[in-house]
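Listing of my_file_21.txt, compact mmCIF, C-alpha atoms
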# COMPACT_ATOMS: atom_id res chain seq x y z
CA MET A 1 -1.58 -0.03 32.60
CA PRO A 2 -1.73 3.73 33.15
CA PHE A 3 -4.09 5.68 30.95
CA GLN A 4 -2.66 6.53 27.53
CA THR A 5 -4.11 8.77 24.84
CA LYS A 6 -5.35 6.73 21.89
CA ILE A 7 -3.58 7.72 18.65
CA THR A 8 -5.59 7.23 15.46
CA LEU A 9 -3.62 7.57 12.24
CA ILE A 10 -5.77 8.95 9.41
CA LEU A 11 -4.42 8.90 5.87
CA LEU A 12 -5.21 8.68 2.19
CA GLN A 13 -2.74 6.63 0.16
CA SER A 14 -2.23 5.00 -3.22
CA ILE A 15 -2.30 1.19 -3.49
CA ASP A 16 1.50 1.22 -3.22
CA GLY A 17 1.68 3.29 -0.03
CA PHE A 18 2.31 6.83 -1.25
CA ILE A 19 0.45 9.81 0.24
CA ALA A 20 1.60 12.19 -2.52
CA ARG A 21 3.26 11.96 -5.92
CA HIS A 22 5.71 14.71 -4.93
CA GLN A 23 6.05 17.49 -2.34
CA ASN A 24 3.67 19.86 -4.16
CA ASP A 25 1.00 17.33 -5.07
CA ASP A 26 -2.48 18.87 -4.91
CA LEU A 27 -3.97 15.43 -4.13
CA ASP A 28 -6.52 15.72 -6.93
CA TRP A 29 -6.52 11.92 -7.11
CA GLY A 30 -8.36 11.82 -3.78
CA SER A 31 -12.11 12.39 -3.43
CA SER A 32 -14.33 15.09 -1.97
CA GLN A 33 -16.20 12.43 -0.02
CA ASP A 34 -12.93 11.35 1.61
CA LYS A 35 -12.11 14.97 2.52
CA LYS A 36 -15.53 15.28 4.13
CA ILE A 37 -15.00 12.13 6.16
CA PHE A 38 -11.55 13.38 7.22
CA ALA A 39 -13.03 16.68 8.44
CA GLU A 40 -15.87 14.98 10.29
CA ARG A 41 -13.63 12.41 11.95
CA THR A 42 -10.95 14.86 13.08
CA LYS A 43 -13.60 17.26 14.42
CA LYS A 44 -15.18 14.40 16.36
CA ILE A 45 -11.80 13.38 17.81
CA GLY A 46 -11.16 17.07 18.56
CA LEU A 47 -7.37 17.08 18.28
CA MET A 48 -5.02 16.67 15.32
CA ILE A 49 -1.26 16.06 15.49
CA CYS A 50 0.89 16.87 12.46
CA GLY A 51 4.42 17.72 11.39
CA SER A 52 5.61 21.12 10.23
CA ASN A 53 5.40 20.48 6.46
CA THR A 54 1.84 19.20 6.76
CA TYR A 55 0.92 22.21 8.88
CA LEU A 56 2.40 24.62 6.33
CA LYS A 57 0.46 23.00 3.49
CA MET A 58 -2.87 22.75 5.24
CA ASN A 59 -5.72 25.00 4.21
CA PRO A 60 -6.85 27.45 6.98
CA LYS A 61 -10.28 25.76 6.94
CA SER A 62 -8.64 22.49 8.00
CA PHE A 63 -7.91 23.94 11.45
CA GLU A 64 -11.49 25.05 12.17
CA GLY A 65 -13.58 23.27 14.77
CA ARG A 66 -10.75 21.20 16.27
CA LYS A 67 -7.43 21.74 18.02
CA THR A 68 -4.07 21.06 16.29
CA ILE A 69 -0.65 20.35 17.75
CA VAL A 70 2.30 20.74 15.38
CA ILE A 71 5.43 18.80 16.32
CA THR A 72 8.36 20.98 15.31
CA SER A 73 11.75 22.14 16.50
CA ARG A 74 11.19 25.61 14.95
CA PRO A 75 7.78 26.95 16.08
CA GLU A 76 8.62 30.67 15.75
CA GLU A 77 9.82 30.18 12.19
CA ILE A 78 6.75 28.37 10.86
CA ASP A 79 3.91 29.92 12.90
CA LYS A 80 1.04 30.99 10.57
CA HIS A 81 -0.90 32.44 13.52
CA VAL A 82 -3.94 30.26 13.09
CA ASP A 83 -6.51 29.86 15.87
CA ASN A 84 -6.54 26.56 17.77
CA VAL A 85 -2.97 25.65 16.75
CA GLU A 86 -0.20 24.90 19.27
CA PHE A 87 3.40 23.82 18.80
CA PHE A 88 5.27 21.06 20.57
CA THR A 89 9.00 20.47 20.51
CA GLY A 90 9.84 16.92 21.54
CA SER A 91 9.43 13.26 20.55
CA PRO A 92 6.12 11.51 19.76
CA LYS A 93 6.49 9.61 23.05
CA GLU A 94 6.90 12.86 24.99
CA LEU A 95 3.83 14.33 23.33
CA VAL A 96 1.67 11.25 24.01
CA SER A 97 2.90 11.26 27.61
CA LYS A 98 1.91 14.92 27.99
CA LEU A 99 -1.52 14.37 26.36
CA SER A 100 -2.11 11.36 28.61
CA LYS A 101 -1.30 13.40 31.72
CA ASP A 102 -3.68 16.08 30.46
CA GLY A 103 -6.42 13.44 30.24
CA ILE A 104 -6.85 13.65 26.45
CA THR A 105 -8.73 10.52 25.32
CA GLU A 106 -7.83 10.48 21.64
CA ALA A 107 -5.82 12.34 19.01
CA ALA A 108 -5.74 12.04 15.22
CA LEU A 109 -2.29 11.71 13.65
CA VAL A 110 -2.56 13.29 10.21
CA GLY A 111 0.96 13.19 8.72
CA GLY A 112 3.29 13.65 7.08
CA GLY A 113 4.83 10.29 6.36
CA LYS A 114 7.95 10.81 8.46
CA LEU A 115 5.94 11.75 11.55
CA ASN A 116 3.60 8.78 10.97
CA GLY A 117 6.68 6.54 10.80
CA ALA A 118 8.12 8.04 14.00
CA PHE A 119 4.89 7.29 15.90
CA LEU A 120 4.77 3.76 14.45
CA GLN A 121 8.40 3.06 15.36
CA GLU A 122 7.60 3.91 18.97
CA ASP A 123 4.47 1.70 18.76
CA LEU A 124 2.20 4.65 19.50
CA VAL A 125 -0.43 4.13 16.77
CA ASP A 126 -3.54 2.37 18.08
CA GLU A 127 -5.83 2.60 15.08
CA ILE A 128 -5.61 3.47 11.39
CA TYR A 129 -8.30 4.89 9.13
CA LEU A 130 -6.78 4.17 5.74
CA SER A 131 -8.42 5.52 2.59
CA LEU A 132 -6.99 3.42 -0.24
CA ALA A 133 -7.14 5.14 -3.63
CA PRO A 134 -7.26 2.86 -6.71
CA ILE A 135 -4.02 4.16 -8.18
CA LEU A 136 -0.32 3.28 -8.41
CA PHE A 137 2.42 5.93 -8.31
CA GLY A 138 5.62 3.84 -8.10
CA THR A 139 7.46 6.75 -6.47
CA GLY A 140 6.50 9.66 -4.25
CA VAL A 141 6.09 10.61 -0.61
CA ARG A 142 5.79 7.48 1.51
CA GLY A 143 2.97 7.31 4.00
CA TYR A 144 5.02 5.73 6.79
CA GLY A 145 8.50 7.24 6.45
CA GLY A 146 11.40 5.19 5.14
CA ASN A 147 12.58 3.36 8.25
CA GLN A 148 12.02 -0.28 9.13
CA LEU A 149 8.76 -1.02 10.94
CA PHE A 150 6.92 -4.10 12.11
CA ASN A 151 3.45 -3.05 13.18
CA LYS A 152 0.61 -5.56 13.04
CA PHE A 153 -3.06 -4.69 12.91
CA GLU A 154 -6.44 -6.33 12.65
CA LEU A 155 -9.07 -5.18 10.19
CA ILE A 156 -12.15 -3.94 12.02
CA SER A 157 -14.25 -2.76 9.10
CA ASN A 158 -14.21 -1.72 5.47
CA GLU A 159 -16.46 0.61 3.55
CA ILE A 160 -16.58 1.95 -0.01
CA ILE A 161 -16.67 5.73 0.45
CA SER A 162 -16.61 6.94 -3.14
CA PRO A 163 -16.22 5.23 -6.51
CA SER A 164 -13.42 2.71 -6.03
CA LEU A 165 -12.02 4.33 -2.87
CA ILE A 166 -12.19 1.96 0.08
CA LEU A 167 -11.84 2.96 3.74
CA LEU A 168 -10.08 0.33 5.86
CA HIS A 169 -10.25 0.61 9.63
CA TYR A 170 -7.42 -1.18 11.44
CA ARG A 171 -6.68 -1.67 15.15
CA LYS A 172 -3.28 -2.53 16.62
CA ILE A 173 -2.80 -6.10 17.83
CA MET B 1 -8.49 -3.10 -31.35
CA PRO B 2 -6.69 -6.36 -32.10
CA PHE B 3 -7.01 -9.13 -29.57
CA GLN B 4 -4.62 -8.80 -26.63
CA THR B 5 -3.93 -11.28 -23.84
CA LYS B 6 -5.40 -10.08 -20.55
CA ILE B 7 -2.72 -9.68 -17.87
CA THR B 8 -3.88 -10.17 -14.28
CA LEU B 9 -1.39 -9.14 -11.62
CA ILE B 10 -1.70 -11.27 -8.48
CA LEU B 11 0.14 -10.24 -5.35
CA LEU B 12 0.21 -10.24 -1.57
CA GLN B 13 1.49 -7.02 -0.01
CA SER B 14 1.73 -5.15 3.27
CA ILE B 15 -0.39 -2.03 3.82
CA ASP B 16 2.61 0.04 2.70
CA GLY B 17 3.18 -1.77 -0.58
CA PHE B 18 5.95 -4.26 0.22
CA ILE B 19 5.80 -7.86 -1.03
CA ALA B 20 8.65 -9.00 1.23
CA ARG B 21 10.62 -7.65 4.19
CA HIS B 22 13.89 -8.62 2.49
CA GLN B 23 15.13 -10.90 -0.30
CA ASN B 24 14.97 -14.06 1.85
CA ASP B 25 11.63 -13.37 3.51
CA ASP B 26 9.67 -16.63 4.03
CA LEU B 27 6.38 -14.66 3.84
CA ASP B 28 5.13 -16.15 7.12
CA TRP B 29 3.05 -12.98 7.54
CA GLY B 30 0.78 -14.18 4.72
CA SER B 31 -1.98 -16.74 5.18
CA SER B 32 -2.58 -20.33 4.06
CA GLN B 33 -6.00 -19.29 2.78
CA ASP B 34 -4.35 -16.71 0.54
CA LYS B 35 -1.87 -19.30 -0.78
CA LYS B 36 -4.78 -21.60 -1.60
CA ILE B 37 -6.59 -18.82 -3.48
CA PHE B 38 -3.36 -18.00 -5.36
CA ALA B 39 -2.97 -21.65 -6.44
CA GLU B 40 -6.61 -21.96 -7.49
CA ARG B 41 -6.61 -18.71 -9.41
CA THR B 42 -3.35 -19.30 -11.29
CA LYS B 43 -4.44 -22.86 -12.17
CA LYS B 44 -7.73 -21.53 -13.50
CA ILE B 45 -5.92 -18.89 -15.61
CA GLY B 46 -3.52 -21.63 -16.74
CA LEU B 47 -0.43 -19.50 -17.31
CA MET B 48 1.89 -17.65 -14.93
CA ILE B 49 4.51 -15.06 -15.90
CA CYS B 50 7.35 -14.32 -13.49
CA GLY B 51 10.89 -12.96 -13.29
CA SER B 52 14.00 -15.02 -12.66
CA ASN B 53 14.31 -14.35 -8.92
CA THR B 54 10.69 -15.29 -8.32
CA TYR B 55 11.17 -18.45 -10.38
CA LEU B 56 14.27 -19.44 -8.40
CA LYS B 57 12.46 -19.00 -5.08
CA MET B 58 9.25 -20.76 -6.03
CA ASN B 59 8.47 -24.13 -4.53
CA PRO B 60 8.30 -27.00 -7.15
CA LYS B 61 4.62 -27.51 -6.23
CA SER B 62 3.88 -23.96 -7.40
CA PHE B 63 4.50 -25.00 -11.01
CA GLU B 64 2.08 -27.96 -10.99
CA GLY B 65 -1.15 -27.83 -12.94
CA ARG B 66 -0.37 -24.64 -14.88
CA LYS B 67 2.19 -23.38 -17.35
CA THR B 68 4.88 -20.84 -16.39
CA ILE B 69 6.89 -18.42 -18.53
CA VAL B 70 9.99 -16.94 -16.91
CA ILE B 71 11.19 -13.64 -18.39
CA THR B 72 14.98 -13.75 -18.23
CA SER B 73 18.08 -12.89 -20.20
CA ARG B 74 19.90 -15.94 -18.81
CA PRO B 75 17.69 -19.04 -19.24
CA GLU B 76 20.50 -21.63 -19.37
CA GLU B 77 21.98 -20.30 -16.16
CA ILE B 78 18.84 -20.43 -14.02
CA ASP B 79 16.95 -23.44 -15.48
CA LYS B 80 15.79 -25.76 -12.65
CA HIS B 81 14.39 -28.25 -15.20
CA VAL B 82 10.84 -28.11 -13.94
CA ASP B 83 7.94 -29.43 -16.03
CA ASN B 84 5.66 -26.84 -17.65
CA VAL B 85 8.22 -24.03 -17.41
CA GLU B 86 9.45 -22.06 -20.42
CA PHE B 87 11.82 -19.11 -20.70
CA PHE B 88 11.37 -15.90 -22.64
CA THR B 89 14.03 -13.32 -23.39
CA GLY B 90 12.48 -9.99 -24.31
CA SER B 91 10.35 -7.14 -23.01
CA PRO B 92 6.92 -7.47 -21.38
CA LYS B 93 5.41 -5.94 -24.53
CA GLU B 94 7.12 -8.51 -26.73
CA LEU B 95 5.86 -11.33 -24.54
CA VAL B 96 2.27 -10.04 -24.51
CA SER B 97 2.44 -9.61 -28.27
CA LYS B 98 3.60 -13.22 -28.66
CA LEU B 99 0.92 -14.56 -26.29
CA SER B 100 -1.73 -12.56 -28.12
CA LYS B 101 -0.63 -14.01 -31.47
CA ASP B 102 -0.75 -17.47 -29.90
CA GLY B 103 -4.37 -16.80 -28.90
CA ILE B 104 -3.75 -16.96 -25.13
CA THR B 105 -6.74 -15.34 -23.40
CA GLU B 106 -5.22 -14.54 -20.01
CA ALA B 107 -2.00 -14.78 -18.04
CA ALA B 108 -1.25 -14.22 -14.35
CA LEU B 109 1.67 -11.92 -13.58
CA VAL B 110 3.11 -13.13 -10.27
CA GLY B 111 6.20 -11.01 -9.61
CA GLY B 112 8.67 -9.94 -8.57
CA GLY B 113 8.18 -6.26 -7.99
CA LYS B 114 10.49 -5.09 -10.76
CA LEU B 115 8.72 -7.19 -13.37
CA ASN B 116 5.33 -6.01 -12.08
CA GLY B 117 6.59 -2.43 -12.45
CA ALA B 118 7.85 -3.08 -15.99
CA PHE B 119 4.43 -4.39 -17.06
CA LEU B 120 2.68 -1.44 -15.39
CA GLN B 121 4.98 1.09 -17.02
CA GLU B 122 4.01 -0.31 -20.41
CA ASP B 123 0.34 -0.21 -19.35
CA LEU B 124 -0.01 -3.97 -19.78
CA VAL B 125 -1.78 -4.82 -16.51
CA ASP B 126 -5.54 -5.20 -16.95
CA GLU B 127 -6.56 -6.46 -13.53
CA ILE B 128 -5.08 -6.80 -10.06
CA TYR B 129 -5.93 -9.31 -7.36
CA LEU B 130 -4.36 -7.64 -4.36
CA SER B 131 -4.21 -9.44 -1.03
CA LEU B 132 -3.62 -6.72 1.55
CA ALA B 133 -2.01 -7.98 4.76
CA PRO B 134 -2.71 -5.94 7.94
CA ILE B 135 0.93 -5.11 8.56
CA LEU B 136 3.45 -2.30 8.00
CA PHE B 137 7.11 -2.96 7.13
CA GLY B 138 8.43 0.54 6.36
CA THR B 139 11.17 -0.95 4.17
CA GLY B 140 11.55 -4.05 2.00
CA VAL B 141 10.94 -5.31 -1.52
CA ARG B 142 8.47 -3.03 -3.28
CA GLY B 143 5.57 -4.66 -5.07
CA TYR B 144 5.70 -2.40 -8.13
CA GLY B 145 9.41 -1.67 -8.67
CA GLY B 146 10.85 1.74 -7.90
CA ASN B 147 10.08 3.68 -11.07
CA GLN B 148 7.40 6.32 -11.55
CA LEU B 149 3.97 4.98 -12.53
CA PHE B 150 0.54 6.42 -13.04
CA ASN B 151 -1.90 3.53 -13.37
CA LYS B 152 -5.53 4.03 -12.43
CA PHE B 153 -7.95 1.28 -11.54
CA GLU B 154 -11.51 0.76 -10.42
CA LEU B 155 -12.41 -1.48 -7.51
CA ILE B 156 -14.59 -4.35 -8.69
CA SER B 157 -14.96 -6.31 -5.46
CA ASN B 158 -13.52 -6.88 -2.02
CA GLU B 159 -13.60 -9.93 0.19
CA ILE B 160 -12.15 -10.84 3.59
CA ILE B 161 -10.22 -14.07 2.89
CA SER B 162 -8.69 -14.80 6.30
CA PRO B 163 -8.58 -12.91 9.60
CA SER B 164 -7.85 -9.31 8.68
CA LEU B 165 -6.54 -10.09 5.18
CA ILE B 166 -8.66 -8.43 2.52
CA LEU B 167 -8.64 -9.31 -1.18
CA LEU B 168 -9.18 -6.31 -3.47
CA HIS B 169 -9.99 -6.90 -7.11
CA TYR B 170 -9.14 -3.97 -9.40
CA ARG B 171 -9.64 -3.41 -13.13
CA LYS B 172 -7.75 -0.90 -15.26
CA ILE B 173 -9.64 2.24 -16.28
In structure tokens, write the structure found in this file.
Amino acid sequence: MPFQTKITLILLQSIDGFIARHQNDDLDWGSSQDKKIFAERTKKIGLMICGSNTYLKMNPKSFEGRKTIVITSRPEEIDKHVDNVEFFTGSPKELVSKLSKDGITEAALVGGGKLNGAFLQEDLVDEIYLSLAPILFGTGVRGYGGNQLFNKFELISNEIISPSLILLHYRKI
Amino acid sequence: MPFQTKITLILLQSIDGFIARHQNDDLDWGSSQDKKIFAERTKKIGLMICGSNTYLKMNPKSFEGRKTIVITSRPEEIDKHVDNVEFFTGSPKELVSKLSKDGITEAALVGGGKLNGAFLQEDLVDEIYLSLAPILFGTGVRGYGGNQLFNKFELISNEIISPSLILLHYRKI
């Protein structure tokens, strides 16, 4: 098999699979410890991939110390002129193919839900770091889009990272 | 506070919060170990509460060794004439009030998703035994209905019960 960039999906979700209660959720139901782990892990991986809405919502500090690629069809329109941020117009498969050719070992997929779902539908997610918050929302922004999927994983490890928040590390099988 | 029957929600779900891929899902993505734990736990609690669709789908063996109350507005229509099964027409709150008056210590809420959601909306779920399967479906039957919720829990324990399937035990806070 030719070399392919490993894609690691990193997300914080409620028990019922929502990453936000609504589009303007400030995520105050998460934890500072989880944010710290997110920053450390994405810096270690060195490259984040996100969609345009996630990019627009992200704090400038979130782009420091690592590279970010924003998948969007409208780069000029959304550009916030942040250091270390590039734009890519194309499918998840096309991006992974480009990264693989460039010899990039690993990238962190950091949302939103629709982009996560698009990567999963093309079977491009190799690992998941899932922070599971002890809360139920019933409705909200889904972590994996709204299209049918069938992606199986194995649980590699689990760790309590702050009161009642458990980090589950999954690998594709 | 007057005595109130403890309601323990027991469910198997995908990572993204679905309890079935579709209405006729045979749940072959679950595990026999999880089924065994479900049977043991509901027998120990002694009483199961479910909705009419869940009742109609349940295997006759699932009713052995414990009592079951089916919440339904159409008992005559759906009755399968199984031993140890009763019907209740009314709201979750009305049922819990009745059970409390009858001195029932605990009952296991076993689905479906809409009934789980109705209990959660009325803040009647005290504990959750969540079996989290290492799989993503994207669409399907939601484990907690489709209405807005805001139920917070604390994680009491976690245990790997079969390859990659983790059991999370939550208590309401």
Taking only residues of chain A that have an atom at most 8 Å from an atom of chain B, what is each one's shortest atom pair and its distance in Å to one decimal, using only C-alpha atoms, in chain and number order, as a Markdown table?
| residue | atom | partner | partner_atom | distance |
| --- | --- | --- | --- | --- |
| A:Ile15 | CA | B:Gly17 | CA | 6.9 |
| A:Asp16 | CA | B:Gly17 | CA | 4.3 |
| A:Gly17 | CA | B:Asp16 | CA | 4.3 |
| A:Phe18 | CA | B:Asp16 | CA | 7.9 |
| A:Gly117 | CA | B:Gly138 | CA | 7.7 |
| A:Pro134 | CA | B:Phe153 | CA | 5.1 |
| A:Ile135 | CA | B:Lys152 | CA | 4.5 |
| A:Leu136 | CA | B:Asn151 | CA | 5.2 |
| A:Phe137 | CA | B:Leu149 | CA | 4.6 |
| A:Gly138 | CA | B:Gln148 | CA | 4.6 |
| A:Thr139 | CA | B:Gln148 | CA | 5.1 |
| A:Gly143 | CA | B:Asp16 | CA | 7.4 |
| A:Tyr144 | CA | B:Gly138 | CA | 6.2 |
| A:Gly145 | CA | B:Gly138 | CA | 6.7 |
| A:Gly146 | CA | B:Gly138 | CA | 5.7 |
| A:Asn147 | CA | B:Gly138 | CA | 5.4 |
| A:Gln148 | CA | B:Gly138 | CA | 4.6 |
| A:Leu149 | CA | B:Phe137 | CA | 4.6 |
| A:Phe150 | CA | B:Phe137 | CA | 5.1 |
| A:Asn151 | CA | B:Leu136 | CA | 5.2 |
| A:Lys152 | CA | B:Ile135 | CA | 4.5 |
| A:Phe153 | CA | B:Pro134 | CA | 5.1 |
| A:Glu154 | CA | B:Ser164 | CA | 5.2 |
| A:Leu155 | CA | B:Ser164 | CA | 4.6 |
| A:Ile156 | CA | B:Ser164 | CA | 7.6 |
| A:Pro163 | CA | B:Glu154 | CA | 7.6 |
| A:Ser164 | CA | B:Leu155 | CA | 4.6 |
| A:Leu165 | CA | B:Leu155 | CA | 7.4 |
| A:Tyr170 | CA | B:Pro134 | CA | 7.6 |
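You will find CA of Ala20 in chain A at 23.6 Å from CA of Asp79 in chain A.
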Q.
If I take CA of Gly46 in chain A and CA of Glu77 in chain A, how far is one from the other in Å, to one decimal?
A.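 CA of Gly46 in chain A sits 25.5 Å away from CA of Glu77 in chain A.
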Q: Could you tell me which of A:Leu12, A:Gly111, A:Ile104, A:Lys61 comes closest to Asp34 in chain A if we count only C-alpha atoms?
A: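 Closest to Asp34 in chain A of all the choices is A:Leu12.
You will find CA of Tyr55 in chain B at 20.6 Å from CA of Leu124 in chain B.
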Grab all the atoms of range 119-133 of chain B that the file lists, wrap them in a box along x, y and z, add 4 Å per side, and give me centre plus edge lengths in Å (one decimal) as AutoDock Vina command-line options.
--center_x -0.8 --center_y -4.2 --center_z -7.8 --size_x 19.5 --size_y 18.5 --size_z 33.2
Q | Spatial sel., origin (-6.8, -8.0, -19.2), limit 6 Å, all atoms listed in the file, listed as a PyMOL selection string | A | chain B and resi 6-7+126-127
Q. With distances taken over only C-alpha atoms, which of A:Leu115, A:Ile45, A:Val141, A:Leu27 is nearest to Val70 in chain A?
A. A:Leu115
Q | Long-range neighbours of Glu94 in chain A as a PyMOL selection string, 12 Å cut-off, only C-alpha atoms, 5 positions minimum in chain | A | chain A and resi 4-5+71+88-89+99-101+119+122+124
(Q) If we count all atoms listed in the file and set the cut-off at 9 Å, which residues sit around Phe63 in chain A, ignoring sequence neighbours fewer than 3 positions away in its own chain? Please answer as a ChimeraX atom specification. (A) /A:48,58-60,66-68,82-85
